[in-house]
file my_file_39.cif (mmCIF, N, CA and C atoms and all ligand atoms)
data_final
loop_
_atom_site.label_atom_id
_atom_site.label_comp_id
_atom_site.auth_asym_id
_atom_site.auth_seq_id
_atom_site.Cartn_x
_atom_site.Cartn_y
_atom_site.Cartn_z
N MET A 1 -8.32 -11.38 -16.36
CA MET A 1 -7.41 -10.25 -16.53
C MET A 1 -6.14 -10.70 -17.23
N GLY A 2 -5.38 -9.76 -17.73
CA GLY A 2 -4.16 -10.07 -18.45
C GLY A 2 -3.03 -10.45 -17.53
N LYS A 3 -1.83 -10.15 -18.00
CA LYS A 3 -0.68 -10.53 -17.19
C LYS A 3 -0.61 -9.69 -15.93
N ARG A 4 0.11 -10.22 -15.00
CA ARG A 4 0.28 -9.53 -13.73
C ARG A 4 1.04 -8.24 -13.90
N ALA A 5 0.68 -7.27 -13.08
CA ALA A 5 1.43 -6.03 -13.08
C ALA A 5 2.84 -6.30 -12.56
N ASN A 6 3.79 -5.65 -13.16
CA ASN A 6 5.17 -5.80 -12.72
C ASN A 6 5.53 -4.68 -11.75
N PRO A 7 5.80 -5.03 -10.51
CA PRO A 7 6.06 -3.98 -9.52
C PRO A 7 7.27 -3.11 -9.90
N MET A 8 8.20 -3.66 -10.68
CA MET A 8 9.38 -2.89 -11.05
C MET A 8 9.09 -1.88 -12.16
N ALA A 9 7.86 -1.90 -12.68
CA ALA A 9 7.49 -0.94 -13.72
C ALA A 9 7.27 0.46 -13.14
N VAL A 10 7.19 0.55 -11.83
CA VAL A 10 7.05 1.87 -11.22
C VAL A 10 8.31 2.18 -10.41
N LYS A 11 8.61 3.45 -10.33
CA LYS A 11 9.79 3.87 -9.58
C LYS A 11 9.39 4.20 -8.15
N ALA A 12 10.11 3.60 -7.21
CA ALA A 12 9.74 3.75 -5.80
C ALA A 12 9.83 5.20 -5.35
N SER A 13 10.70 5.97 -5.99
CA SER A 13 10.92 7.34 -5.51
C SER A 13 9.95 8.34 -6.09
N LEU A 14 9.11 7.90 -7.03
CA LEU A 14 8.17 8.83 -7.66
C LEU A 14 6.77 8.66 -7.11
N THR A 15 5.95 9.68 -7.36
CA THR A 15 4.53 9.54 -7.07
C THR A 15 3.77 9.56 -8.39
N TYR A 16 2.65 8.87 -8.41
CA TYR A 16 1.89 8.69 -9.63
C TYR A 16 0.45 9.13 -9.45
N GLU A 17 -0.07 9.80 -10.46
CA GLU A 17 -1.51 9.98 -10.52
C GLU A 17 -2.10 8.68 -11.04
N VAL A 18 -3.41 8.52 -10.88
CA VAL A 18 -4.05 7.26 -11.28
C VAL A 18 -3.74 6.91 -12.73
N GLY A 19 -3.88 7.91 -13.61
CA GLY A 19 -3.64 7.67 -15.03
C GLY A 19 -2.19 7.28 -15.31
N GLU A 20 -1.27 7.91 -14.60
CA GLU A 20 0.15 7.62 -14.79
C GLU A 20 0.49 6.21 -14.31
N ALA A 21 -0.09 5.85 -13.16
CA ALA A 21 0.15 4.52 -12.63
C ALA A 21 -0.40 3.46 -13.59
N ALA A 22 -1.59 3.73 -14.11
CA ALA A 22 -2.21 2.80 -15.06
C ALA A 22 -1.33 2.62 -16.29
N ALA A 23 -0.83 3.75 -16.81
CA ALA A 23 0.01 3.69 -18.01
C ALA A 23 1.31 2.94 -17.74
N ALA A 24 1.92 3.22 -16.58
CA ALA A 24 3.19 2.59 -16.26
C ALA A 24 3.04 1.08 -16.11
N LEU A 25 1.89 0.66 -15.63
CA LEU A 25 1.69 -0.75 -15.33
C LEU A 25 0.93 -1.49 -16.42
N GLY A 26 0.48 -0.74 -17.44
CA GLY A 26 -0.28 -1.37 -18.50
C GLY A 26 -1.66 -1.82 -18.04
N LYS A 27 -2.20 -1.09 -17.07
CA LYS A 27 -3.53 -1.40 -16.55
C LYS A 27 -4.48 -0.26 -16.88
N SER A 28 -5.76 -0.50 -16.69
CA SER A 28 -6.72 0.57 -16.90
C SER A 28 -6.81 1.42 -15.63
N GLU A 29 -7.28 2.65 -15.82
CA GLU A 29 -7.46 3.51 -14.65
C GLU A 29 -8.46 2.89 -13.68
N ALA A 30 -9.46 2.20 -14.24
CA ALA A 30 -10.47 1.56 -13.39
C ALA A 30 -9.82 0.54 -12.46
N THR A 31 -8.82 -0.17 -12.99
CA THR A 31 -8.12 -1.16 -12.17
C THR A 31 -7.41 -0.48 -11.00
N ILE A 32 -6.74 0.62 -11.31
CA ILE A 32 -6.02 1.33 -10.26
C ILE A 32 -7.00 1.84 -9.20
N ARG A 33 -8.15 2.36 -9.68
CA ARG A 33 -9.15 2.85 -8.72
C ARG A 33 -9.69 1.72 -7.85
N ASN A 34 -9.84 0.55 -8.46
CA ASN A 34 -10.27 -0.61 -7.65
C ASN A 34 -9.22 -0.94 -6.58
N TRP A 35 -7.96 -0.85 -6.97
CA TRP A 35 -6.89 -1.13 -6.01
C TRP A 35 -6.97 -0.16 -4.84
N ILE A 36 -7.27 1.11 -5.16
CA ILE A 36 -7.37 2.12 -4.11
C ILE A 36 -8.51 1.77 -3.16
N LYS A 37 -9.65 1.37 -3.76
CA LYS A 37 -10.78 0.94 -2.93
C LYS A 37 -10.40 -0.26 -2.08
N ASP A 38 -9.56 -1.10 -2.65
CA ASP A 38 -9.15 -2.33 -2.00
C ASP A 38 -8.08 -2.09 -0.94
N GLY A 39 -7.57 -0.87 -0.86
CA GLY A 39 -6.61 -0.59 0.20
C GLY A 39 -5.27 -0.04 -0.24
N LEU A 40 -5.07 0.13 -1.56
CA LEU A 40 -3.83 0.76 -2.01
C LEU A 40 -3.76 2.18 -1.43
N PRO A 41 -2.70 2.50 -0.70
CA PRO A 41 -2.65 3.81 -0.06
C PRO A 41 -2.49 4.95 -1.07
N VAL A 42 -3.19 6.03 -0.84
CA VAL A 42 -3.00 7.23 -1.64
C VAL A 42 -2.48 8.31 -0.70
N MET A 43 -1.81 9.30 -1.27
CA MET A 43 -1.10 10.26 -0.44
C MET A 43 -1.98 11.39 0.07
N ALA A 44 -3.07 11.65 -0.60
CA ALA A 44 -3.96 12.71 -0.16
C ALA A 44 -5.37 12.35 -0.62
N SER A 45 -6.36 12.83 0.11
CA SER A 45 -7.72 12.48 -0.27
C SER A 45 -8.27 13.47 -1.28
N LYS A 46 -7.52 14.52 -1.56
CA LYS A 46 -8.00 15.46 -2.57
C LYS A 46 -7.48 15.09 -3.95
N LYS A 47 -8.07 15.67 -4.97
CA LYS A 47 -7.68 15.37 -6.33
C LYS A 47 -6.53 16.26 -6.78
N PRO A 48 -5.66 15.80 -7.66
CA PRO A 48 -5.63 14.42 -8.13
C PRO A 48 -5.04 13.50 -7.07
N LEU A 49 -5.51 12.27 -7.05
CA LEU A 49 -4.96 11.30 -6.13
C LEU A 49 -3.51 11.01 -6.51
N LEU A 50 -2.66 10.97 -5.53
CA LEU A 50 -1.27 10.62 -5.77
C LEU A 50 -0.93 9.34 -5.01
N ILE A 51 -0.25 8.47 -5.72
CA ILE A 51 0.13 7.19 -5.14
C ILE A 51 1.65 7.13 -5.16
N SER A 52 2.26 6.77 -4.06
CA SER A 52 3.72 6.67 -4.10
C SER A 52 4.10 5.38 -4.80
N GLY A 53 5.18 5.45 -5.56
CA GLY A 53 5.65 4.28 -6.29
C GLY A 53 5.96 3.13 -5.34
N GLN A 54 6.48 3.48 -4.17
CA GLN A 54 6.81 2.44 -3.19
C GLN A 54 5.54 1.72 -2.73
N ASP A 55 4.50 2.49 -2.46
CA ASP A 55 3.24 1.88 -2.02
C ASP A 55 2.66 1.00 -3.13
N LEU A 56 2.78 1.48 -4.37
CA LEU A 56 2.30 0.69 -5.51
C LEU A 56 3.03 -0.65 -5.58
N ARG A 57 4.34 -0.58 -5.46
CA ARG A 57 5.13 -1.81 -5.50
C ARG A 57 4.73 -2.76 -4.40
N ASP A 58 4.63 -2.22 -3.20
CA ASP A 58 4.29 -3.07 -2.06
C ASP A 58 2.92 -3.71 -2.27
N TYR A 59 2.01 -2.91 -2.80
CA TYR A 59 0.65 -3.40 -3.00
C TYR A 59 0.63 -4.52 -4.04
N ILE A 60 1.33 -4.28 -5.15
CA ILE A 60 1.35 -5.29 -6.21
C ILE A 60 2.01 -6.57 -5.72
N ARG A 61 3.10 -6.41 -4.98
CA ARG A 61 3.79 -7.59 -4.45
C ARG A 61 2.88 -8.37 -3.51
N ALA A 62 2.24 -7.64 -2.63
CA ALA A 62 1.35 -8.30 -1.66
C ALA A 62 0.25 -9.03 -2.39
N LYS A 63 -0.27 -8.38 -3.45
CA LYS A 63 -1.34 -8.97 -4.23
C LYS A 63 -0.86 -10.25 -4.93
N SER A 64 0.33 -10.18 -5.54
CA SER A 64 0.78 -11.33 -6.31
C SER A 64 1.24 -12.45 -5.39
N ASN A 65 1.61 -12.13 -4.17
CA ASN A 65 1.89 -13.19 -3.21
C ASN A 65 0.62 -13.95 -2.87
N GLY A 66 -0.50 -13.27 -3.08
CA GLY A 66 -1.76 -13.87 -2.72
C GLY A 66 -1.89 -14.07 -1.22
N ALA A 67 -0.89 -13.67 -0.52
CA ALA A 67 -0.89 -13.89 0.92
C ALA A 67 -1.71 -12.83 1.60
N LYS A 68 -2.90 -13.20 1.94
CA LYS A 68 -3.68 -12.33 2.79
C LYS A 68 -3.23 -12.63 4.21
N THR A 69 -2.16 -11.99 4.59
CA THR A 69 -1.65 -12.23 5.94
C THR A 69 -2.72 -11.78 6.93
N SER A 70 -3.09 -12.67 7.79
CA SER A 70 -4.09 -12.26 8.76
C SER A 70 -3.40 -11.63 9.95
N LEU A 71 -3.84 -10.45 10.26
CA LEU A 71 -3.24 -9.69 11.34
C LEU A 71 -4.12 -9.76 12.58
N GLY A 72 -3.48 -9.85 13.70
CA GLY A 72 -4.23 -9.75 14.95
C GLY A 72 -4.67 -8.31 15.14
N PRO A 73 -5.61 -8.11 16.05
CA PRO A 73 -6.15 -6.76 16.24
C PRO A 73 -5.09 -5.76 16.70
N ASP A 74 -4.01 -6.26 17.29
CA ASP A 74 -2.98 -5.34 17.77
C ASP A 74 -1.72 -5.42 16.91
N GLN A 75 -1.87 -5.91 15.67
CA GLN A 75 -0.70 -6.09 14.83
C GLN A 75 -0.69 -5.17 13.62
N LEU A 76 0.51 -4.83 13.20
CA LEU A 76 0.72 -4.14 11.95
C LEU A 76 1.41 -5.11 11.00
N TYR A 77 1.40 -4.78 9.71
CA TYR A 77 2.12 -5.60 8.76
C TYR A 77 3.51 -5.02 8.54
N CYS A 78 4.53 -5.80 8.85
CA CYS A 78 5.90 -5.33 8.68
C CYS A 78 6.40 -5.66 7.28
N LEU A 79 6.88 -4.64 6.58
CA LEU A 79 7.35 -4.83 5.21
C LEU A 79 8.66 -5.62 5.19
N SER A 80 9.44 -5.53 6.24
CA SER A 80 10.72 -6.24 6.27
C SER A 80 10.52 -7.70 6.66
N CYS A 81 9.75 -7.93 7.71
CA CYS A 81 9.51 -9.30 8.16
C CYS A 81 8.51 -10.02 7.25
N GLN A 82 7.74 -9.24 6.48
CA GLN A 82 6.71 -9.81 5.62
C GLN A 82 5.66 -10.56 6.43
N GLU A 83 5.42 -10.10 7.61
CA GLU A 83 4.37 -10.72 8.40
C GLU A 83 3.88 -9.74 9.46
N GLY A 84 2.87 -10.14 10.17
CA GLY A 84 2.32 -9.29 11.19
C GLY A 84 3.28 -9.14 12.35
N CYS A 85 3.33 -7.98 12.92
CA CYS A 85 4.19 -7.77 14.08
C CYS A 85 3.51 -6.78 14.99
N LYS A 86 3.91 -6.81 16.24
CA LYS A 86 3.39 -5.81 17.15
C LYS A 86 4.21 -4.53 17.03
N PRO A 87 3.53 -3.39 17.05
CA PRO A 87 4.28 -2.14 16.97
C PRO A 87 5.05 -1.90 18.26
N LEU A 88 6.24 -1.39 18.09
CA LEU A 88 7.10 -1.11 19.23
C LEU A 88 6.39 -0.16 20.19
N GLY A 89 6.35 -0.55 21.45
CA GLY A 89 5.70 0.30 22.46
C GLY A 89 4.21 0.45 22.24
N MET A 90 3.65 -0.35 21.33
CA MET A 90 2.23 -0.30 20.98
C MET A 90 1.80 1.10 20.55
N SER A 91 2.76 1.89 20.04
CA SER A 91 2.38 3.23 19.61
C SER A 91 2.29 3.27 18.10
N VAL A 92 1.21 3.81 17.61
CA VAL A 92 1.00 3.93 16.17
C VAL A 92 0.55 5.34 15.84
N GLU A 93 0.80 5.70 14.61
CA GLU A 93 0.35 6.98 14.10
C GLU A 93 -0.79 6.68 13.14
N ILE A 94 -1.89 7.37 13.29
CA ILE A 94 -3.05 7.14 12.43
C ILE A 94 -3.17 8.28 11.44
N THR A 95 -3.18 7.94 10.17
CA THR A 95 -3.37 8.96 9.15
C THR A 95 -4.48 8.51 8.21
N PRO A 96 -5.27 9.44 7.71
CA PRO A 96 -6.33 9.05 6.77
C PRO A 96 -5.72 8.50 5.50
N ASN A 97 -6.23 7.39 5.03
CA ASN A 97 -5.72 6.79 3.79
C ASN A 97 -6.56 7.24 2.61
N ASN A 98 -7.84 6.99 2.71
CA ASN A 98 -8.77 7.55 1.74
C ASN A 98 -10.10 7.77 2.46
N ASP A 99 -11.15 7.94 1.71
CA ASP A 99 -12.43 8.28 2.34
C ASP A 99 -12.89 7.25 3.36
N LYS A 100 -12.54 5.99 3.09
CA LYS A 100 -13.12 4.93 3.89
C LYS A 100 -12.18 4.32 4.91
N THR A 101 -10.90 4.48 4.70
CA THR A 101 -9.97 3.77 5.57
C THR A 101 -8.91 4.69 6.16
N ASP A 102 -8.36 4.26 7.27
CA ASP A 102 -7.23 4.94 7.87
C ASP A 102 -6.01 4.06 7.74
N ARG A 103 -4.88 4.70 7.86
CA ARG A 103 -3.64 3.94 7.79
C ARG A 103 -2.93 4.08 9.12
N LEU A 104 -2.55 2.94 9.68
CA LEU A 104 -1.80 2.96 10.93
C LEU A 104 -0.33 2.71 10.61
N LYS A 105 0.51 3.53 11.21
CA LYS A 105 1.94 3.35 11.00
C LYS A 105 2.61 3.14 12.34
N GLY A 106 3.59 2.28 12.34
CA GLY A 106 4.35 2.07 13.56
C GLY A 106 5.70 1.48 13.23
N VAL A 107 6.40 1.12 14.28
CA VAL A 107 7.72 0.54 14.12
C VAL A 107 7.65 -0.91 14.57
N CYS A 108 8.17 -1.79 13.74
CA CYS A 108 8.11 -3.23 14.03
C CYS A 108 8.92 -3.56 15.29
N GLU A 109 8.28 -4.30 16.18
CA GLU A 109 8.91 -4.68 17.42
C GLU A 109 10.07 -5.66 17.17
N THR A 110 9.96 -6.44 16.11
CA THR A 110 10.94 -7.47 15.84
C THR A 110 12.19 -6.92 15.17
N CYS A 111 12.01 -6.13 14.11
CA CYS A 111 13.18 -5.71 13.33
C CYS A 111 13.39 -4.20 13.35
N GLY A 112 12.47 -3.46 13.94
CA GLY A 112 12.64 -2.01 13.98
C GLY A 112 12.30 -1.33 12.67
N GLY A 113 11.78 -2.10 11.72
CA GLY A 113 11.45 -1.54 10.41
C GLY A 113 10.07 -0.90 10.41
N PHE A 114 9.74 -0.36 9.26
CA PHE A 114 8.45 0.32 9.07
C PHE A 114 7.34 -0.72 8.97
N ALA A 115 6.29 -0.51 9.71
CA ALA A 115 5.15 -1.42 9.65
C ALA A 115 3.88 -0.60 9.55
N SER A 116 2.90 -1.12 8.83
CA SER A 116 1.66 -0.37 8.69
C SER A 116 0.51 -1.33 8.45
N ARG A 117 -0.67 -0.81 8.54
CA ARG A 117 -1.85 -1.54 8.10
C ARG A 117 -2.91 -0.54 7.70
N ILE A 118 -3.82 -1.00 6.88
CA ILE A 118 -4.91 -0.15 6.44
C ILE A 118 -6.11 -0.43 7.32
ZN ZN B 1 9.73 -6.50 11.21
#
call {"tool": "encode", "arguments": {"input": "my_file_39.cif", "output": "structure tokens", "more": "lines below"}}
Ligand SMILES: [Zn+2]
result
Amino acid sequence: MGKRANPMAVKASLTYEVGEAAAALGKSEATIRNWIKDGLPVMASKKPLLISGQDLRDYIRAKSNGAKTSLGPDQLYCLSCQEGCKPLGMSVEITPNNDKTDRLKGVCETCGGFASRI
């Protein structure tokens, strides 16, 4: 593959359709679709798929870190701590991510920040 996608090429406050994300990042739509299969969160399971710029950034960063942080069965990934953490009060919200995966959201026990996992 070519050069790495630049996470700053997308705006965190915007949402992107697959084609828009591909254009912004200089990638093919197929690449973006692979990312979605691989766990990139999408905002709705209906068409057109919308991806939040923030999720895109987080995904690209996580990918380029190469850090497949291994999470325990009761852990979420905290974006602030950059590592697995237990959700505060062990309470999580489950939302469908795409056809195959769900997204768990919670609050990091350590820093109180947003934590999630696919
Ligand atoms: Zn944290």
call {"tool": "residues_near_ligand", "arguments": {"input": "my_file_39.cif", "ligand": "ligand ZN 1 (chain B)", "cutoff": "6 Å", "atoms": "only N, CA and C atoms and all ligand atoms", "output": "PyMOL selection string"}}
result
chain A and resi 78-82+108-113
call {"tool": "atom_distance", "arguments": {"input": "my_file_39.cif", "atom1": "atom N of Pro87 (chain A)", "atom2": "atom C of Val107 (chain A)"}}
result
5.4 Å
call {"tool": "closest_residue", "arguments": {"input": "my_file_39.cif", "among": "A:Leu40, A:Leu104, A:Leu71, A:Ala24", "to": "Gly84 (chain A)", "atoms": "all atoms listed in the file"}}
result
A:Leu71
call {"tool": "closest_atom_pairs", "arguments": {"input": "my_file_39.cif", "of": "region 8-49 of chain A", "to": "region 90-96 of chain A", "cutoff": "8 Å", "atoms": "only N, CA and C atoms", "output": "Markdown table"}}
result
| residue | atom | partner | partner_atom | distance |
| --- | --- | --- | --- | --- |
| A:Pro41 | CA | A:Pro96 | C | 7.9 |
| A:Val42 | C | A:Pro96 | C | 7.0 |
| A:Met43 | C | A:Pro96 | C | 7.2 |
| A:Ala44 | C | A:Pro96 | C | 7.2 |
| A:Ser45 | N | A:Pro96 | C | 6.9 |
call {"tool": "select_by_dssp", "arguments": {"input": "my_file_39.cif", "residues": "region 21-110 of chain A", "states": "strand (DSSP E or B)", "output": "JSON list (two decimals) with N, CA and C atoms, in the coordinates of the input"}}
result
[["chain", "number", "residue", "atom", "x", "y", "z"],
["A", 50, "LEU", "N", -2.66, 10.97, -5.53],
["A", 50, "LEU", "CA", -1.27, 10.62, -5.77],
["A", 50, "LEU", "C", -0.93, 9.34, -5.01],
["A", 51, "ILE", "N", -0.25, 8.47, -5.72],
["A", 51, "ILE", "CA", 0.13, 7.19, -5.14],
["A", 51, "ILE", "C", 1.65, 7.13, -5.16],
["A", 52, "SER", "N", 2.26, 6.77, -4.06],
["A", 52, "SER", "CA", 3.72, 6.67, -4.10],
["A", 52, "SER", "C", 4.10, 5.38, -4.80],
["A", 76, "LEU", "N", 0.51, -4.83, 13.20],
["A", 76, "LEU", "CA", 0.72, -4.14, 11.95],
["A", 76, "LEU", "C", 1.41, -5.11, 11.00],
["A", 77, "TYR", "N", 1.40, -4.78, 9.71],
["A", 77, "TYR", "CA", 2.12, -5.60, 8.76],
["A", 77, "TYR", "C", 3.51, -5.02, 8.54],
["A", 78, "CYS", "N", 4.53, -5.80, 8.85],
["A", 78, "CYS", "CA", 5.90, -5.33, 8.68],
["A", 78, "CYS", "C", 6.40, -5.66, 7.28],
["A", 83, "GLU", "N", 5.42, -10.10, 7.61],
["A", 83, "GLU", "CA", 4.37, -10.72, 8.40],
["A", 83, "GLU", "C", 3.88, -9.74, 9.46],
["A", 84, "GLY", "N", 2.87, -10.14, 10.17],
["A", 84, "GLY", "CA", 2.32, -9.29, 11.19],
["A", 84, "GLY", "C", 3.28, -9.14, 12.35],
["A", 85, "CYS", "N", 3.33, -7.98, 12.92],
["A", 85, "CYS", "CA", 4.19, -7.77, 14.08],
["A", 85, "CYS", "C", 3.51, -6.78, 14.99],
["A", 87, "PRO", "N", 3.53, -3.39, 17.05],
["A", 87, "PRO", "CA", 4.28, -2.14, 16.97],
["A", 87, "PRO", "C", 5.05, -1.90, 18.26],
["A", 93, "GLU", "N", 0.80, 5.70, 14.61],
["A", 93, "GLU", "CA", 0.35, 6.98, 14.10],
["A", 93, "GLU", "C", -0.79, 6.68, 13.14],
["A", 94, "ILE", "N", -1.89, 7.37, 13.29],
["A", 94, "ILE", "CA", -3.05, 7.14, 12.43],
["A", 94, "ILE", "C", -3.17, 8.28, 11.44],
["A", 95, "THR", "N", -3.18, 7.94, 10.17],
["A", 95, "THR", "CA", -3.37, 8.96, 9.15],
["A", 95, "THR", "C", -4.48, 8.51, 8.21],
["A", 96, "PRO", "N", -5.27, 9.44, 7.71],
["A", 96, "PRO", "CA", -6.33, 9.05, 6.77],
["A", 96, "PRO", "C", -5.72, 8.50, 5.50],
["A", 102, "ASP", "N", -8.36, 4.26, 7.27],
["A", 102, "ASP", "CA", -7.23, 4.94, 7.87],
["A", 102, "ASP", "C", -6.01, 4.06, 7.74],
["A", 103, "ARG", "N", -4.88, 4.70, 7.86],
["A", 103, "ARG", "CA", -3.64, 3.94, 7.79],
["A", 103, "ARG", "C", -2.93, 4.08, 9.12],
["A", 104, "LEU", "N", -2.55, 2.94, 9.68],
["A", 104, "LEU", "CA", -1.80, 2.96, 10.93],
["A", 104, "LEU", "C", -0.33, 2.71, 10.61],
["A", 105, "LYS", "N", 0.51, 3.53, 11.21],
["A", 105, "LYS", "CA", 1.94, 3.35, 11.00],
["A", 105, "LYS", "C", 2.61, 3.14, 12.34],
["A", 106, "GLY", "N", 3.59, 2.28, 12.34],
["A", 106, "GLY", "CA", 4.35, 2.07, 13.56],
["A", 106, "GLY", "C", 5.70, 1.48, 13.23],
["A", 107, "VAL", "N", 6.40, 1.12, 14.28],
["A", 107, "VAL", "CA", 7.72, 0.54, 14.12],
["A", 107, "VAL", "C", 7.65, -0.91, 14.57],
["A", 108, "CYS", "N", 8.17, -1.79, 13.74],
["A", 108, "CYS", "CA", 8.11, -3.23, 14.03],
["A", 108, "CYS", "C", 8.92, -3.56, 15.29]]
call {"tool": "residues_around", "arguments": {"input": "my_file_39.cif", "residues": "Asp55 (chain A)", "least_positions_apart": "4", "cutoff": "6.5 Å", "atoms": "all atoms listed in the file", "output": "compact mmCIF listing (two decimals) with N, CA and C atoms, keeping the file's coordinate frame"}}
result
# COMPACT_ATOMS: atom_id res chain seq x y z
N ALA A 12 10.11 3.60 -7.21
CA ALA A 12 9.74 3.75 -5.80
C ALA A 12 9.83 5.20 -5.35
N PRO A 41 -2.70 2.50 -0.70
CA PRO A 41 -2.65 3.81 -0.06
C PRO A 41 -2.49 4.95 -1.07
N ILE A 51 -0.25 8.47 -5.72
CA ILE A 51 0.13 7.19 -5.14
C ILE A 51 1.65 7.13 -5.16
N TYR A 59 2.01 -2.91 -2.80
CA TYR A 59 0.65 -3.40 -3.00
C TYR A 59 0.63 -4.52 -4.04
N ILE A 60 1.33 -4.28 -5.15
CA ILE A 60 1.35 -5.29 -6.21
C ILE A 60 2.01 -6.57 -5.72
call {"tool": "select_by_dssp", "arguments": {"input": "my_file_39.cif", "residues": "chain A", "states": "alpha helix (DSSP H)", "output": "PyMOL selection string"}}
result
chain A and resi 18-25+29-38+53-65
call {"tool": "closest_residue", "arguments": {"input": "my_file_39.cif", "among": "A:Ala23, A:Glu17, A:Ser70, A:Ala30", "to": "Pro48 (chain A)", "atoms": "only C-alpha atoms"}}
result
A:Glu17
call {"tool": "atom_distance", "arguments": {"input": "my_file_39.cif", "atom1": "CA of Gly39 (chain A)", "atom2": "CA of Asn98 (chain A)"}}
result
8.6 Å
call {"tool": "residues_around", "arguments": {"input": "my_file_39.cif", "residues": "Glu20 (chain A)", "least_positions_apart": "6", "cutoff": "10 Å", "atoms": "only C-alpha atoms", "output": "list in words"}}
result
Val10, Gly26, Lys27, Glu29, Ile32, Leu50 and Ile51 of chain A
call {"tool": "atom_distance", "arguments": {"input": "my_file_39.cif", "atom1": "CA of Thr31 (chain A)", "atom2": "CA of Ser116 (chain A)"}}
result
23.1 Å
call {"tool": "residues_around", "arguments": {"input": "my_file_39.cif", "residues": "Gly53 (chain A)", "least_positions_apart": "6", "cutoff": "6 Å", "atoms": "only N, CA and C atoms", "output": "MDAnalysis selection string"}}
result
chainID A and resid 10:16
call {"tool": "closest_residue", "arguments": {"input": "my_file_39.cif", "among": "A:Lys63, A:Glu83, A:Ser52, A:Phe114", "to": "Asp38 (chain A)", "atoms": "only C-alpha atoms"}}
result
A:Lys63
call {"tool": "closest_residue", "arguments": {"input": "my_file_39.cif", "among": "A:Val18, A:Ile36, A:Leu88, A:Leu56", "to": "Asn6 (chain A)", "atoms": "only C-alpha atoms"}}
result
A:Leu56
call {"tool": "closest_residue", "arguments": {"input": "my_file_39.cif", "among": "A:Ile118, A:Ala62, A:Leu49, A:Leu25", "to": "Gln75 (chain A)", "atoms": "only C-alpha atoms"}}
result
A:Ile118
